[in-house]
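*Asks:* Quick one: structure below, then a few questions.
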Amino acid sequence: MTDTPTSKPGKVRLAAQDLRTFSAVLLEKGGLSPEHAATTADVFVWAALRGVDSHGIARVPAYLELLAKGVANAQAEIKVESGTPAAAVIDADRAPGPVALSAAAEEAVNRARTTGIASVGVRGTVHTGAIGYYVSKIAEQGLIGLGFVAGMPNMGYTGVKGAAVATSPLAIAVPAENRAPLLLDMATATIALGKIRQAKASGTPLPEGAAATADGTPTTDPKEAVMPLPLGGAKGSGMSLAFELLTSVLVGAPIFAAFHSDDPAGRKHRQNALLIAVDPAAFGGAEGFTEGVDATLSTLKGLPVADGADGVYYPGERSAAVAVERAARGIPVAPKVWRELTENAEKFGVTSPTPVA
């Protein structure tokens, strides 16, 4: 993914730090503590810098709405439960995902320093945000980070009529020595829900096998599409179901079974997650591990380039390059998002930042 030399018409560019400060102030006005507002804003700006705009600054107005409606708990009492040094569960009490999962990442790193591998489950959060952020924070500490998320069913399942499972993401971050870390961040869906909305707005046909109607019939017509289909058919379906077991069921907060039950409370919005930190030192690989990662990535990039390809890239490499570019030139913000941000700023009596020239 690469940013274009110029912004699309109507977009404004803002400095990353200005957006971070501005977003944090708005979220604090929305009810979060200064610390939690800053943490949440950092997750959004991280995603925006890397070009993941669906999980970037556009989430600020959405989170303000979640807080205003009480879907997200601004005064959440986050509790850590643990029965063993290598594992813990964070009861999020409906805290915003960036708050709960940032705490989980820190907890996993601290425990893995002692135990070699540590797993921290997150129970009952609200929209986890960009899952790649949390595993990247683990990788910044020299550890390998893995993350899984389960949410409300909004995707088809092979052989099932209608929505069955969630577009549950997976993320893996591996630290390198002189290169950007490997960062695999993917959903179990063929395309994101946001892509369906964009196609609907533009009238652009959807790819074959990417989306379906309400009853699960595959369609390329954006007007008829209401949900994505799983990546690789049964493979994506199986991954999503497995993530439900590894997160929700594991921490005693099942989503799938409750959602498909007769209990209306089963459809109350919530998400669960599992973060794992792995210390290479526990495998005798502390010395030379990141150099070995560099060698592996360099070998990949040195392989012959296929006809028609613009190069060989490893997961996370291009988004890291976008982050460098946007840090220097500013983050582009879509007109609709900028309008929503400035309207909220006016409502709260907050001064909006000045766009980059």
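Just so we're on the same page: first chain in the structure tokens is A, next is B, and so on; residues restart at 1 for each chain, and ligands are numbered from 1 in the order they show up.
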Within 8 Å of Ala104 (chain A), counting only C-alpha atoms, which residues show up once you throw out same-chain ones fewer than 4 positions away? Write them as a list in words, please.

*Replies:*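 Using only C-alpha atoms, the neighbours found are Ile90, Ala100, Ala108, Val120, Gly121, Val122 and Leu275 of chain A.
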
*Asks:* Env of Leu170 (chain A): 9 Å cut, atoms = only C-alpha atoms, seq-sep filter 2 positions within chain, self excluded. Answer as a compact mmCIF listing (two decimals) with N, CA, C and O atoms, in the first residue's frame.

*Replies:*
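As a result, result_24.txt now contains:
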# COMPACT_ATOMS: atom_id res chain seq x y z
N ILE A 131 -5.91 -4.38 15.44
CA ILE A 131 -5.26 -5.42 16.23
C ILE A 131 -3.75 -5.42 16.01
O ILE A 131 -2.96 -5.79 16.90
N GLY A 132 -3.32 -4.96 14.83
CA GLY A 132 -1.90 -4.90 14.55
C GLY A 132 -1.13 -3.98 15.49
O GLY A 132 0.07 -4.18 15.73
N LEU A 146 1.33 -12.08 19.09
CA LEU A 146 0.23 -12.69 18.34
C LEU A 146 -1.08 -12.21 18.93
O LEU A 146 -1.19 -12.05 20.16
N GLY A 147 -2.06 -11.97 18.08
CA GLY A 147 -3.35 -11.51 18.57
C GLY A 147 -4.51 -12.10 17.79
O GLY A 147 -4.41 -12.31 16.58
N PHE A 148 -5.60 -12.39 18.50
CA PHE A 148 -6.82 -12.93 17.91
C PHE A 148 -8.00 -12.15 18.47
O PHE A 148 -7.99 -11.76 19.64
N VAL A 149 -9.03 -11.98 17.67
CA VAL A 149 -10.22 -11.26 18.12
C VAL A 149 -11.47 -12.02 17.69
O VAL A 149 -11.51 -12.61 16.61
N SER A 168 -13.42 -12.04 12.21
CA SER A 168 -12.40 -12.01 13.27
C SER A 168 -10.99 -11.91 12.71
O SER A 168 -10.58 -12.73 11.89
N ILE A 172 0.13 -10.91 13.68
CA ILE A 172 1.41 -11.43 14.17
C ILE A 172 2.48 -10.39 13.88
O ILE A 172 2.58 -9.90 12.75
N LEU A 184 1.86 -9.13 10.09
CA LEU A 184 0.73 -9.73 9.39
C LEU A 184 -0.54 -9.35 10.13
O LEU A 184 -0.69 -9.67 11.31
N ASP A 185 -1.42 -8.64 9.48
CA ASP A 185 -2.66 -8.16 10.10
C ASP A 185 -3.78 -8.40 9.11
O ASP A 185 -3.88 -7.72 8.09
N MET A 186 -4.63 -9.39 9.37
CA MET A 186 -5.63 -9.79 8.40
C MET A 186 -6.93 -10.21 9.07
O MET A 186 -6.94 -10.68 10.20
N ALA A 187 -8.02 -9.99 8.35
CA ALA A 187 -9.32 -10.48 8.80
C ALA A 187 -9.57 -11.83 8.18
O ALA A 187 -8.87 -12.25 7.26
N THR A 188 -10.56 -12.54 8.68
CA THR A 188 -10.93 -13.83 8.10
C THR A 188 -11.94 -13.68 6.97
O THR A 188 -12.40 -14.66 6.42
N PHE A 243 -11.19 -18.80 16.43
CA PHE A 243 -10.88 -17.62 17.23
C PHE A 243 -11.94 -17.38 18.30
O PHE A 243 -11.65 -16.87 19.38

*Asks:* Which residues are close to region 8-22 of chain A, i.e. within 10 Å by only C-alpha atoms, leaving aside same-chain residues fewer than 3 positions away? Reply as a PyMOL selection string.

*Replies:* chain A and resi 4-5+25-28+37-46+48-49+57+323+326-338+341+345+350-357

*Asks:* To test your reading of the structure, identify every residue in region 52-246 of chain A that backbone DSSP assigns to helix (DSSP H, G or I), and report it as a ChimeraX atom specification.

*Replies:* /A:53-55,59-69,97-115,131-140,193-202,234-246

*Asks:* Provide the CA of Pro254 (chain A) to CA of Ala164 (chain A) distance in Å, to one decimal place.

*Replies:*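 Taking CA of Pro254 (chain A) as the start and CA of Ala164 (chain A) as the end point, the length is 14.0 Å.
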
*Asks:* Env of Gly159 (chain A): 10 Å cut, atoms = only C-alpha atoms, seq-sep filter 2 positions within chain, self excluded. Answer as a ChimeraX atom specification.

*Replies:* /A:156-157,161-162,164,216,233-234,237

*Asks:* Could you write out that same residue set with N, CA, C and O atoms as an mmCIF file, in the first residue's frame?

*Replies:*
data_model
loop_
_atom_site.group_PDB
_atom_site.id
_atom_site.type_symbol
_atom_site.label_atom_id
_atom_site.label_comp_id
_atom_site.auth_asym_id
_atom_site.auth_seq_id
_atom_site.Cartn_x
_atom_site.Cartn_y
_atom_site.Cartn_z
ATOM 1 N N GLY A 156 -20.608 -14.575 6.500
ATOM 2 C CA GLY A 156 -21.121 -15.887 6.172
ATOM 3 C C GLY A 156 -20.215 -17.000 6.668
ATOM 4 O O GLY A 156 -19.057 -16.779 7.020
ATOM 5 N N TYR A 157 -20.767 -18.205 6.706
ATOM 6 C CA TYR A 157 -20.009 -19.408 7.066
ATOM 7 C C TYR A 157 -20.360 -20.472 6.033
ATOM 8 O O TYR A 157 -21.533 -20.640 5.688
ATOM 9 N N LYS A 161 -26.895 -20.521 5.967
ATOM 10 C CA LYS A 161 -27.718 -19.487 5.353
ATOM 11 C C LYS A 161 -27.714 -18.239 6.231
ATOM 12 O O LYS A 161 -28.128 -18.279 7.385
ATOM 13 N N GLY A 162 -27.223 -17.117 5.705
ATOM 14 C CA GLY A 162 -27.182 -15.873 6.467
ATOM 15 C C GLY A 162 -25.892 -15.706 7.252
ATOM 16 O O GLY A 162 -24.985 -16.538 7.218
ATOM 17 N N ALA A 164 -23.232 -15.784 10.120
ATOM 18 C CA ALA A 164 -23.014 -16.834 11.114
ATOM 19 C C ALA A 164 -21.872 -16.524 12.067
ATOM 20 O O ALA A 164 -21.993 -16.667 13.277
ATOM 21 N N GLY A 216 -27.181 -15.165 2.342
ATOM 22 C CA GLY A 216 -25.923 -15.862 2.107
ATOM 23 C C GLY A 216 -25.624 -16.175 0.660
ATOM 24 O O GLY A 216 -24.619 -16.826 0.361
ATOM 25 N N GLY A 233 -13.205 -19.477 1.681
ATOM 26 C CA GLY A 233 -14.342 -20.348 1.977
ATOM 27 C C GLY A 233 -14.251 -20.991 3.345
ATOM 28 O O GLY A 233 -14.241 -20.320 4.380
ATOM 29 N N ALA A 234 -14.147 -22.316 3.356
ATOM 30 C CA ALA A 234 -14.131 -23.058 4.616
ATOM 31 C C ALA A 234 -12.921 -22.703 5.478
ATOM 32 O O ALA A 234 -12.974 -22.824 6.712
ATOM 33 N N SER A 237 -13.863 -19.493 7.328
ATOM 34 C CA SER A 237 -14.932 -19.875 8.250
ATOM 35 C C SER A 237 -14.353 -20.564 9.474
ATOM 36 O O SER A 237 -14.681 -20.239 10.626
#

*Asks:* Which is closest to Ala258 (chain A) among A:Ala211, A:Met152, A:Val312, A:Val174, if we use only C-alpha atoms?

*Replies:* A:Met152

*Asks:* Between CA of Ile196 (chain A) and CA of Ala58 (chain A), measure the distance and give it in Å to one decimal.

*Replies:*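 Interatomic distance, CA of Ile196 (chain A) to CA of Ala58 (chain A): 16.6 Å.
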
*Asks:* Report the distance between CA of Phe256 (chain A) and CA of Pro222 (chain A) in Å, rounded to one decimal place.

*Replies:*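 Distance reported for this atom pair: 26.7 Å.
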
*Asks:* Quick one: residues within 10 Å of Thr114 (chain A), only C-alpha atoms, excluding same-chain residues fewer than 6 positions away - as number ranges by chain?

*Replies:* A: 85-86, 279, 282

*Asks:* Counting only C-alpha atoms, which of A:Ala242, A:Val322, A:Pro228, A:Ser202 gets nearest to Ala214 (chain A)?

*Replies:*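 Looking only at the distances to Ala214 (chain A), the closest residue turns out to be A:Pro228.
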
*Asks:* Ranking A:Ala118, A:Tyr133, A:Ala112, A:Lys69 by minimum distance to Val99 (chain A) and counting only C-alpha atoms, which one comes first?

*Replies:* A:Tyr133

*Asks:* Check the DSSP output for the backbone and give back, as a PyMOL selection string, the residues of region 29-246 of chain A in strand (DSSP E or B).

*Replies:* chain A and resi 79-84+87-91+96+117-126+144-150+155+165+169-174+182-187+189+211-212+218-219+227-228+230

*Asks:* How would the residues just chosen look if you wrote them out with C-alpha atoms as an mmCIF file, in the first residue's frame?

*Replies:*
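The file below, result11.cif, is the result:
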data_model
loop_
_atom_site.group_PDB
_atom_site.id
_atom_site.type_symbol
_atom_site.label_atom_id
_atom_site.label_comp_id
_atom_site.auth_asym_id
_atom_site.auth_seq_id
_atom_site.Cartn_x
_atom_site.Cartn_y
_atom_site.Cartn_z
ATOM 1 C CA LYS A 79 -9.623 -5.984 36.436
ATOM 2 C CA VAL A 80 -6.797 -8.471 35.946
ATOM 3 C CA GLU A 81 -7.554 -12.064 36.918
ATOM 4 C CA SER A 82 -4.807 -14.687 36.994
ATOM 5 C CA GLY A 83 -4.265 -18.175 38.356
ATOM 6 C CA THR A 84 -0.838 -18.795 36.869
ATOM 7 C CA ALA A 87 -1.718 -16.437 31.809
ATOM 8 C CA ALA A 88 -4.224 -13.783 32.780
ATOM 9 C CA VAL A 89 -7.645 -12.469 31.854
ATOM 10 C CA ILE A 90 -8.516 -8.792 31.710
ATOM 11 C CA ASP A 91 -12.165 -8.051 32.428
ATOM 12 C CA PRO A 96 -12.926 0.881 24.610
ATOM 13 C CA ILE A 117 5.479 -17.162 26.804
ATOM 14 C CA ALA A 118 2.442 -15.411 28.238
ATOM 15 C CA SER A 119 -1.196 -15.234 27.135
ATOM 16 C CA VAL A 120 -3.657 -12.539 28.181
ATOM 17 C CA GLY A 121 -7.344 -12.796 27.312
ATOM 18 C CA VAL A 122 -9.616 -9.754 27.138
ATOM 19 C CA ARG A 123 -13.249 -10.222 28.080
ATOM 20 C CA GLY A 124 -16.066 -7.808 27.248
ATOM 21 C CA THR A 125 -14.481 -4.918 25.377
ATOM 22 C CA VAL A 126 -16.008 -2.705 22.690
ATOM 23 C CA ILE A 144 6.969 -11.798 19.180
ATOM 24 C CA GLY A 145 3.328 -10.751 19.408
ATOM 25 C CA LEU A 146 0.234 -12.690 18.338
ATOM 26 C CA GLY A 147 -3.354 -11.509 18.572
ATOM 27 C CA PHE A 148 -6.821 -12.932 17.910
ATOM 28 C CA VAL A 149 -10.224 -11.259 18.124
ATOM 29 C CA ALA A 150 -13.810 -12.517 18.160
ATOM 30 C CA MET A 155 -19.996 -12.790 7.985
ATOM 31 C CA VAL A 165 -19.549 -15.847 12.353
ATOM 32 C CA PRO A 169 -8.859 -10.743 12.659
ATOM 33 C CA LEU A 170 -5.466 -12.285 13.308
ATOM 34 C CA ALA A 171 -2.222 -10.338 13.755
ATOM 35 C CA ILE A 172 1.407 -11.427 14.169
ATOM 36 C CA ALA A 173 4.375 -9.106 14.697
ATOM 37 C CA VAL A 174 8.009 -10.261 14.641
ATOM 38 C CA LEU A 182 7.069 -8.243 9.983
ATOM 39 C CA LEU A 183 3.429 -7.420 10.660
ATOM 40 C CA LEU A 184 0.730 -9.732 9.386
ATOM 41 C CA ASP A 185 -2.660 -8.158 10.103
ATOM 42 C CA MET A 186 -5.633 -9.787 8.400
ATOM 43 C CA ALA A 187 -9.318 -10.476 8.802
ATOM 44 C CA ALA A 189 -13.183 -12.157 5.518
ATOM 45 C CA ALA A 211 -19.795 -10.708 -0.569
ATOM 46 C CA ALA A 212 -23.292 -12.078 -0.154
ATOM 47 C CA PRO A 218 -22.939 -14.729 -3.262
ATOM 48 C CA THR A 219 -23.310 -11.515 -5.267
ATOM 49 C CA MET A 227 -22.058 -9.080 4.384
ATOM 50 C CA PRO A 228 -18.602 -10.342 3.411
ATOM 51 C CA PRO A 230 -15.000 -15.814 4.496
#

*Asks:* Lys301 (chain A): which residues within 8 Å, counting only C-alpha atoms, same-chain residues fewer than 4 positions away excluded, as a VMD selection string?

*Replies:* chain A and resid 297 311 to 314

*Asks:* Take the residues from that selection and write them out as a PDB file, in the first residue's frame, keeping all heavy atoms.

*Replies:*
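Result file result-v2.pdb:
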ATOM      1  N   LEU A 297      14.101 -12.054   5.756  1.00  0.00           N
ATOM      2  CA  LEU A 297      13.379 -11.062   4.965  1.00  0.00           C
ATOM      3  C   LEU A 297      14.204 -10.603   3.765  1.00  0.00           C
ATOM      4  O   LEU A 297      13.674 -10.385   2.672  1.00  0.00           O
ATOM      5  CB  LEU A 297      13.000  -9.867   5.848  1.00  0.00           C
ATOM      6  CG  LEU A 297      12.091 -10.190   7.040  1.00  0.00           C
ATOM      7  CD1 LEU A 297      11.809  -8.929   7.853  1.00  0.00           C
ATOM      8  CD2 LEU A 297      10.792 -10.837   6.594  1.00  0.00           C
ATOM      9  N   GLY A 311       7.643  -5.526  -7.207  1.00  0.00           N
ATOM     10  CA  GLY A 311       8.648  -5.859  -6.213  1.00  0.00           C
ATOM     11  C   GLY A 311       8.176  -6.997  -5.338  1.00  0.00           C
ATOM     12  O   GLY A 311       7.055  -7.499  -5.491  1.00  0.00           O
ATOM     13  N   VAL A 312       9.029  -7.407  -4.423  1.00  0.00           N
ATOM     14  CA  VAL A 312       8.696  -8.457  -3.456  1.00  0.00           C
ATOM     15  C   VAL A 312       8.616  -7.810  -2.081  1.00  0.00           C
ATOM     16  O   VAL A 312       9.570  -7.147  -1.645  1.00  0.00           O
ATOM     17  CB  VAL A 312       9.758  -9.579  -3.459  1.00  0.00           C
ATOM     18  CG1 VAL A 312       9.410 -10.637  -2.416  1.00  0.00           C
ATOM     19  CG2 VAL A 312       9.871 -10.213  -4.844  1.00  0.00           C
ATOM     20  N   TYR A 313       7.506  -7.992  -1.406  1.00  0.00           N
ATOM     21  CA  TYR A 313       7.285  -7.345  -0.108  1.00  0.00           C
ATOM     22  C   TYR A 313       6.876  -8.372   0.938  1.00  0.00           C
ATOM     23  O   TYR A 313       6.209  -9.354   0.631  1.00  0.00           O
ATOM     24  CB  TYR A 313       6.183  -6.284  -0.219  1.00  0.00           C
ATOM     25  CG  TYR A 313       6.463  -5.212  -1.251  1.00  0.00           C
ATOM     26  CD1 TYR A 313       5.953  -5.320  -2.547  1.00  0.00           C
ATOM     27  CD2 TYR A 313       7.240  -4.108  -0.939  1.00  0.00           C
ATOM     28  CE1 TYR A 313       6.215  -4.351  -3.505  1.00  0.00           C
ATOM     29  CE2 TYR A 313       7.508  -3.127  -1.888  1.00  0.00           C
ATOM     30  CZ  TYR A 313       7.003  -3.262  -3.165  1.00  0.00           C
ATOM     31  OH  TYR A 313       7.257  -2.298  -4.112  1.00  0.00           O
ATOM     32  N   TYR A 314       7.272  -8.134   2.165  1.00  0.00           N
ATOM     33  CA  TYR A 314       6.823  -8.974   3.270  1.00  0.00           C
ATOM     34  C   TYR A 314       5.711  -8.250   4.024  1.00  0.00           C
ATOM     35  O   TYR A 314       5.565  -7.019   3.907  1.00  0.00           O
ATOM     36  CB  TYR A 314       7.983  -9.349   4.197  1.00  0.00           C
ATOM     37  CG  TYR A 314       8.696  -8.198   4.866  1.00  0.00           C
ATOM     38  CD1 TYR A 314       8.253  -7.676   6.080  1.00  0.00           C
ATOM     39  CD2 TYR A 314       9.854  -7.643   4.310  1.00  0.00           C
ATOM     40  CE1 TYR A 314       8.912  -6.634   6.711  1.00  0.00           C
ATOM     41  CE2 TYR A 314      10.525  -6.609   4.938  1.00  0.00           C
ATOM     42  CZ  TYR A 314      10.051  -6.105   6.138  1.00  0.00           C
ATOM     43  OH  TYR A 314      10.712  -5.071   6.764  1.00  0.00           O
TER      44      TYR A 314
END

*Asks:* When you look at Asn73 (chain A) with a cut-off of 12 Å (counting only C-alpha atoms), what residues show up, excluding the ones that are within fewer than 4 positions of it in the same chain? I need them as number ranges by chain.

*Replies:* A: 30-33, 36, 63-69, 77-78, 92-97, 99-100, 124-127, 270

*Asks:* Nearest residue to Lys223 (chain A) out of A:His55, A:Ala257, A:Gln198, A:Val249, using only C-alpha atoms?

*Replies:* A:Gln198
